[in-house]
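Notes to accompany the following structure.
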Amino acid sequence: MVEPIQFDLPGDVDIEQFIHESSDPYGVKKERVKTEPIRIYDTFDWRLFNKSLVLYSCGDRLHLRKRSERGNLCSVPLTSMPVFIWEFPSSKLKEQLAAVIGVRALLQLAEIQTRSIPYRLLDPEGKTVVRLIYEEIRSSAHKKAPALASHLWLQPVRGYSKPSQKIARRFEQAGFTVNTEDDIYFKGLKAAEKTPGSYSSKIALQLDPAMRADEAAKVILRFLLRVIQVNAVHIEKDIDTEFIHDFRVAVRRTRAALGQIRSVFPAEATERFKKDFAFVGQVTNELRDLDVCLLKEEAYRAKVAPVLRKDVETLFDYLRKKRSEAFQEVIRGLKSKRYATVLQDWETFLNAPPQDSPAAANAEVAAITLARKRIFKKYKSVVKTGNSISESADDRMLHVLRIHCKKLRYLMEFFASLFHPETMDTLIDHLKRLQDNLGDFNDLRVQEEYLLNVAKQLSASRGQTERIFLAIGSLVGALAGDRKIVKTAFAQTFADFSAPANRELFENLFAKQRPLSDL
Amino acid sequence: MKTLAIYSNKGGVGKTAAAVNLSYLAARTGMKTLLCDLDPQGSATYYFRVKPKLKSGAKGLIKGGKRVFKSVKRTDYENLDLLPADFSLRNLDIRFHQLKRPQKRLRKVLAPFKDEYDLILLDCPVTISILAENIFNVADFTLVPLIPTTLSLRTHQQLLSFCKKKNFDVGRIYVFFSMVDRHKKMHRELIATAPKTLKGVLESAIPYLALVEKMGLHREPVVRFSPGSEASRSYQNLWDKVQQIVRSTDGSDATVPPGIQW
């Protein structure tokens with residue numbers, strides 16, 4: 001018995017008096033009261049919460065623990081709180097966090113205060129045999145701040161198990177209950193007016209199969225608009241690169257929804273907003289390209305021939321400078337009149353009541369019928385295009401296939417709630433593997449082009465030595481080598497995706513028309 | 001994990017006072033520390049207010065395993081545990097002799113603690129027999145308190161000869177001056193000349209102070225009950241030197257206890 005035990009206190013108990021009364025034959029020594037803030041951290045999209053993890057600082061240490069469990073998984077000393085994973089010193093905690101938070105920034109979500117009064121129970125020699133800690137947790141350091149919880153900890157001392165057992169028994173007899181639940185995390189966040197899991201860029205919607213397709217489309221698009229708005233607010237603060245990324249994905253999904261959930265809105269509205277969102281997406285293109293390059297800084301450095309490693313720094317300096325310009329450009333774009341009008345008009349459009357006799361052909365079709373039709377059609381385009389690549393090995397067609405896959409993926413995610421969840425997960429998983437391969441190929445191709453373009457820009461500016469161009473050349477060469485490897489893997493990846501078993505799943509779920517009651 | 005023996009083949013030189021204060025200072029830096037009180041007189045155990053009792057006594061200690069684990073007591077200080085003394089330890093020499101490979105028994109007893117602690121300190125009784133061989137076999141470093149007198153130096157030379165004869169690495173034996181009286185000319189002179197004649201002399205001296213003796217009244221390390229005192233500063237200075245030796249060959253970070261988690 002060395003783990004501390006937490007007791008909940010019954011009603012109005014005078015803790016000090018109680019400790020004195022129940023500690024016989026041990027002496028009681030009260031120690032200095034300690035007040036310490038506890039700060040809880042997570043990423044904007046609750047990545048730690050979603051993995052049931054709690055990251056918190058207390059005193060001069062940062063701890064990671066499982067939610068609803070007592071012990072810490074790991075801790076590190078803390079001088080200043082790191083924001084990104086690469087700012088952490090090498091440690092077990094860093095390893096565990098890296099897998100979860102990726103490139104996202106850690107944000108302080110709540111600060112609560114613990115006020116603890118430690119007591120020591122002493123044997124006749126004056127040796128501590130049990131430690132007791134009365135702890136109050138308040139929402140702020142203010143004395144009048146409401147107490148979120150108060151409890152008594154019993155901390156056994158190694159080598160003195162009998163006194164601990166004796167005291168624990170007395171506490172239980174007095175009506176103290178052992179608390180194994182963990183509610184401080186939730187209470188702390190509630191006090192800070194935070195709702196765990198309140199944001200996710202993942203589409204989590206519950207659609208009704210029988211609802212009108214135009215209404216279903218609006219539900220999906222309203223969700224995406226919310227993601228766009230939430231991220232736009234944070235982009236300006238330049239906290240991490242994922243706000244712009246989530247923003248862009250939501251814009252791309254919006255454009256895909258407008259194009260793929262066919263003929264549910266009046267044609268002129270669809271056309272107008274397609275153009276509008278192409279503009280919104282474009283505003284952020286340059287910044288995202290630069291973010292992608294700079295996020296790979298370490299990996300790039302490793303790819304460059306060792307003799308040129310020092311020279312490649314000029315490239316990164318240049319990219320960083322360009323990034324800050326591109327960032328300002330994005331801010332200007334988001335503050336522009338056109339952006340404001342687009343978002344305003346779009347919101348009005350999405351919130352307008354459904355029309356009684358809409359002109360659009362698919363507006364009144366049941367959501368599930370349209371979903372099936374569109375998903376299966378897109379699936380067929382993917383297979384057809386993929387097959388043609390296997391024969392012709394045309395690089396440009398890989399890009400076309402990637403776009404088809406993206407649209408298919410978005411459609412499946414939009415309407416996922418209408419279909420059998422496990423089957424959907426399996427299908428999306430297969431598709432994801434194909435997309436990863438195509439995405440890697442495309443990223444490498446884009447980066448090669450981007451770097452060549454940067455070389456051109458640098459050659460126009462004065463004072464560059466030939467070594468920077470050699471370094472860029474070395475890097476582009478390495479990326480081209482990687483791209484070749486990725487391409488070799490394409491054939492097998494596509495063969496897996498288009499395998500008969502997978503095809504059958506697609507057909508069963510989307511091609512065969514079944515009555516709604518069968519679902 | 002490192003093992004540090006505080007050893008002397010002469011009594012009353014300030015071994016226990018050094019062991020108690022150094023172990024406290026080590027624990028305070030975050031190192032998980034175990035102090036083993038091998039002296040049947042049990043002074044270190046007394047200073048930490050623990051009863052001088054081992055489960056199954058010296059016999060249990062020699063057998064090792066779980067019994068030894070169960071005998072360990074957490075002191076009143078974070079990161080600092082104590083393996084208490086026991087009166088039966090007076091027979092440790094005889095018991096070692098009854099076993100095979102008697103010079104390496106202590107190493108076996110302490111082996112299970114290697115994972116748990118960053119530093120193990122041995123507070124050794126006066127001995128230059130089989131127990132001493134056990135100590136030199138298990139210790140990564142040995143720290144010898146030396147009173148700056150000719151007699152003490154002579155005893156220390158005896159120890160070095162013994163170690164050389166037994167093939168122990170004398171390079172891992174360090175010396176610090178203890179119970180130093182600056183009023184005595186002999187003390188001053190010996191301190192000045194010793195580094196020229198002796199290897200491993202640490203630039204650190206513990207003065208002869210009444211406050212150190214008062215540890216018996218307070219039953220706490222002097223660095224704890226009188227942190228600003230000259231005695232405390234001397235021990236802190238000694239620990240700074242010892243720490244460099246201990247850490248120079250140890251890349252591991254100090255671990256920190258779990259404490260209370262909410």
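In the structure tokens, chains take the letters A, B, ... in the order shown, each chain's residues start at 1, and ligands count up from 1 in the order shown.
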*Going by DSSP on the backbone, which bits of range 120-192 of chain A are strand (DSSP E)? Write them as JSON, numbers by chain, please.*
{"A": [120, 121, 122, 128, 129, 130, 131, 132, 133, 134, 135, 136, 137, 138, 147, 148, 149, 150, 151, 152, 153, 154, 155, 156, 177, 178]}
List every residue of chain B that has an atom at most 6 Å from any atom of chain A, giving for each one its closest atom pair and the distance in Å to one decimal, counting only C-alpha atoms, sorted by chain and then by ascending residue number, as a tab-separated table.
```
residue	atom	partner	partner_atom	distance
B:Arg49	CA	A:Lys127	CA	5.3
B:Val72	CA	A:Gly159	CA	5.9
B:Lys73	CA	A:Gly159	CA	4.4
B:Arg74	CA	A:Arg158	CA	4.9
B:Asp76	CA	A:Thr128	CA	5.9
```
Please produce an output containing all heavy atoms for each residue in the selection, written as a compact mmCIF listing (two decimals), in the first residue's frame.
```txt
# COMPACT_ATOMS: atom_id res chain seq x y z
N ARG B 49 15.18 8.75 13.17
CA ARG B 49 14.07 8.39 14.06
C ARG B 49 13.44 7.04 13.71
O ARG B 49 12.25 6.81 13.96
CB ARG B 49 12.97 9.47 14.03
CG ARG B 49 13.45 10.84 14.48
CD ARG B 49 12.42 11.89 14.22
NE ARG B 49 12.92 13.21 14.60
CZ ARG B 49 12.64 13.81 15.75
NH1 ARG B 49 11.87 13.21 16.64
NH2 ARG B 49 13.13 15.00 16.02
N VAL B 72 13.01 -1.71 4.18
CA VAL B 72 13.30 -0.31 3.82
C VAL B 72 12.22 0.62 4.38
O VAL B 72 11.03 0.33 4.31
CB VAL B 72 13.38 -0.15 2.29
CG1 VAL B 72 13.45 1.32 1.88
CG2 VAL B 72 14.59 -0.90 1.76
N LYS B 73 12.66 1.72 4.97
CA LYS B 73 11.72 2.72 5.51
C LYS B 73 11.90 4.02 4.78
O LYS B 73 13.04 4.45 4.51
CB LYS B 73 12.02 2.98 7.00
CG LYS B 73 11.97 1.73 7.87
CD LYS B 73 10.56 1.39 8.25
CE LYS B 73 10.52 0.15 9.14
NZ LYS B 73 9.19 -0.38 9.31
N ARG B 74 10.78 4.67 4.47
CA ARG B 74 10.85 6.02 3.92
C ARG B 74 11.15 6.99 5.06
O ARG B 74 10.49 6.96 6.08
CB ARG B 74 9.50 6.36 3.27
CG ARG B 74 9.26 7.80 2.84
CD ARG B 74 10.18 8.29 1.75
NE ARG B 74 10.47 7.38 0.67
CZ ARG B 74 9.79 7.31 -0.48
NH1 ARG B 74 8.77 8.11 -0.69
NH2 ARG B 74 10.14 6.46 -1.42
N ASP B 76 11.57 10.92 6.66
CA ASP B 76 10.60 12.02 6.60
C ASP B 76 10.87 12.96 5.44
O ASP B 76 10.23 13.99 5.29
CB ASP B 76 10.62 12.81 7.92
CG ASP B 76 9.93 12.01 9.03
OD1 ASP B 76 9.51 10.87 8.74
OD2 ASP B 76 9.81 12.52 10.15
```
_Distance of CA of Ile472 in chain A from CA of Gln457 in chain A, expressed in Å to one decimal place_ =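 Separation between CA of Gln457 in chain A and CA of Ile472 in chain A: 12.3 Å.
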_Set the distance at 6 Å and use only C-alpha atoms: which residues neighbour range 134-140 of chain B once local chain neighbours fewer than 4 positions away are removed? I'd like the list as a PyMOL selection string._
chain B and resi 3-5+103-104+106-107
Next, dump the selected residues to file, keeping only N, CA, C and O atoms, as an mmCIF file, in the first residue's frame.
```cif
data_model
loop_
_atom_site.group_PDB
_atom_site.id
_atom_site.type_symbol
_atom_site.label_atom_id
_atom_site.label_comp_id
_atom_site.auth_asym_id
_atom_site.auth_seq_id
_atom_site.Cartn_x
_atom_site.Cartn_y
_atom_site.Cartn_z
ATOM 1 N N THR B 3 26.781 3.680 -6.346
ATOM 2 C CA THR B 3 26.904 3.325 -4.934
ATOM 3 C C THR B 3 28.116 4.047 -4.350
ATOM 4 O O THR B 3 29.205 4.003 -4.922
ATOM 5 N N LEU B 4 27.872 4.718 -3.246
ATOM 6 C CA LEU B 4 28.920 5.501 -2.607
ATOM 7 C C LEU B 4 29.071 5.021 -1.160
ATOM 8 O O LEU B 4 28.105 5.060 -0.391
ATOM 9 N N ALA B 5 30.267 4.562 -0.817
ATOM 10 C CA ALA B 5 30.489 4.101 0.561
ATOM 11 C C ALA B 5 31.165 5.211 1.359
ATOM 12 O O ALA B 5 32.111 5.828 0.864
ATOM 13 N N GLN B 103 33.400 -12.390 -0.338
ATOM 14 C CA GLN B 103 33.732 -10.967 -0.570
ATOM 15 C C GLN B 103 32.691 -10.259 -1.425
ATOM 16 O O GLN B 103 32.719 -9.051 -1.545
ATOM 17 N N LYS B 104 31.779 -11.031 -2.045
ATOM 18 C CA LYS B 104 30.866 -10.379 -2.988
ATOM 19 C C LYS B 104 29.399 -10.494 -2.581
ATOM 20 O O LYS B 104 28.505 -10.288 -3.393
ATOM 21 N N LEU B 106 27.581 -8.661 -0.430
ATOM 22 C CA LEU B 106 26.852 -7.405 -0.274
ATOM 23 C C LEU B 106 26.364 -6.887 -1.639
ATOM 24 O O LEU B 106 25.267 -6.361 -1.760
ATOM 25 N N ARG B 107 27.179 -7.119 -2.645
ATOM 26 C CA ARG B 107 26.804 -6.709 -4.004
ATOM 27 C C ARG B 107 25.501 -7.399 -4.410
ATOM 28 O O ARG B 107 24.611 -6.776 -4.985
#
```
Neighbour list for Ala305 in chain A as a tab-separated table (two decimals) with N, CA, C and O atoms, in the first residue's frame, cut-off 8 Å, only C-alpha atoms, skip fewer than 6 positions in-chain:
```tsv
chain	number	residue	atom	x	y	z
A	471	ALA	N	22.51	23.17	-53.18
A	471	ALA	CA	21.77	22.60	-52.04
A	471	ALA	C	20.32	22.32	-52.46
A	471	ALA	O	19.78	21.24	-52.19
A	474	SER	N	20.26	19.41	-54.73
A	474	SER	CA	20.45	18.16	-53.98
A	474	SER	C	19.13	17.73	-53.32
A	474	SER	O	18.76	16.56	-53.33
A	475	LEU	N	18.42	18.72	-52.80
A	475	LEU	CA	17.14	18.45	-52.13
A	475	LEU	C	16.09	17.96	-53.13
A	475	LEU	O	15.40	16.96	-52.90
```
*Taking the DSSP assignment computed from this structure's backbone, write out as an MDAnalysis selection string all residues of range 286-504 of chain A that belong to alpha helix (DSSP H).*
chainID A and resid 286:295 297:303 312:335 337:351 367:392 395:414 421:460 466:497 500:504
_Close residues, range 78-91 of chain B itself excluded, 6 Å, only C-alpha atoms, min 6 positions apart in chain, as an MDAnalysis selection string_ = chainID B and resid 27 32:38 40 42 45 52:54 57:58 72
*asked:* Calculated over only C-alpha atoms, which of the candidates B:Asn9, B:Phe69, B:Tyr174, B:Lys51 has the smallest distance to Phe162 in chain B?
replied: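 Checking each candidate against Phe162 in chain B, we get B:Asn9 as the closest.
Summary of the local environment: counting only C-alpha atoms, residues at most 8 Å from Lys70 in chain B, other than itself and those fewer than 3 positions away along its chain, are Gly159 of chain A; Lys55, Lys66 and Arg67 of chain B.
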*For range 335-350 of chain A, list every protein, DNA or RNA residue within 8 Å, evaluated using only C-alpha atoms, and leave out those in the same chain fewer than 3 positions away; present the list as a list in words.*
Lys218, Leu221, Arg222, Leu225, Phe273, Asp276, Phe277, Val280, Ile331 and Arg332 of chain A
Keeping only C-alpha atoms, take the residues you just selected and write them out as a short mmCIF file (atom, residue, chain, number, x, y, z; two decimals), in the first residue's frame.
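Just written: selection-v2.cif:
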```
data_model
loop_
_atom_site.label_atom_id
_atom_site.label_comp_id
_atom_site.auth_asym_id
_atom_site.auth_seq_id
_atom_site.Cartn_x
_atom_site.Cartn_y
_atom_site.Cartn_z
CA LYS A 218 -27.39 22.48 -45.87
CA LEU A 221 -22.51 22.91 -45.28
CA ARG A 222 -23.55 24.67 -42.07
CA LEU A 225 -19.14 26.98 -42.33
CA PHE A 273 -20.62 30.08 -54.32
CA ASP A 276 -16.58 32.43 -54.13
CA PHE A 277 -15.05 29.53 -52.25
CA VAL A 280 -11.47 31.89 -50.31
CA ILE A 331 -4.78 38.29 -42.92
CA ARG A 332 -5.52 40.94 -45.55
#
```
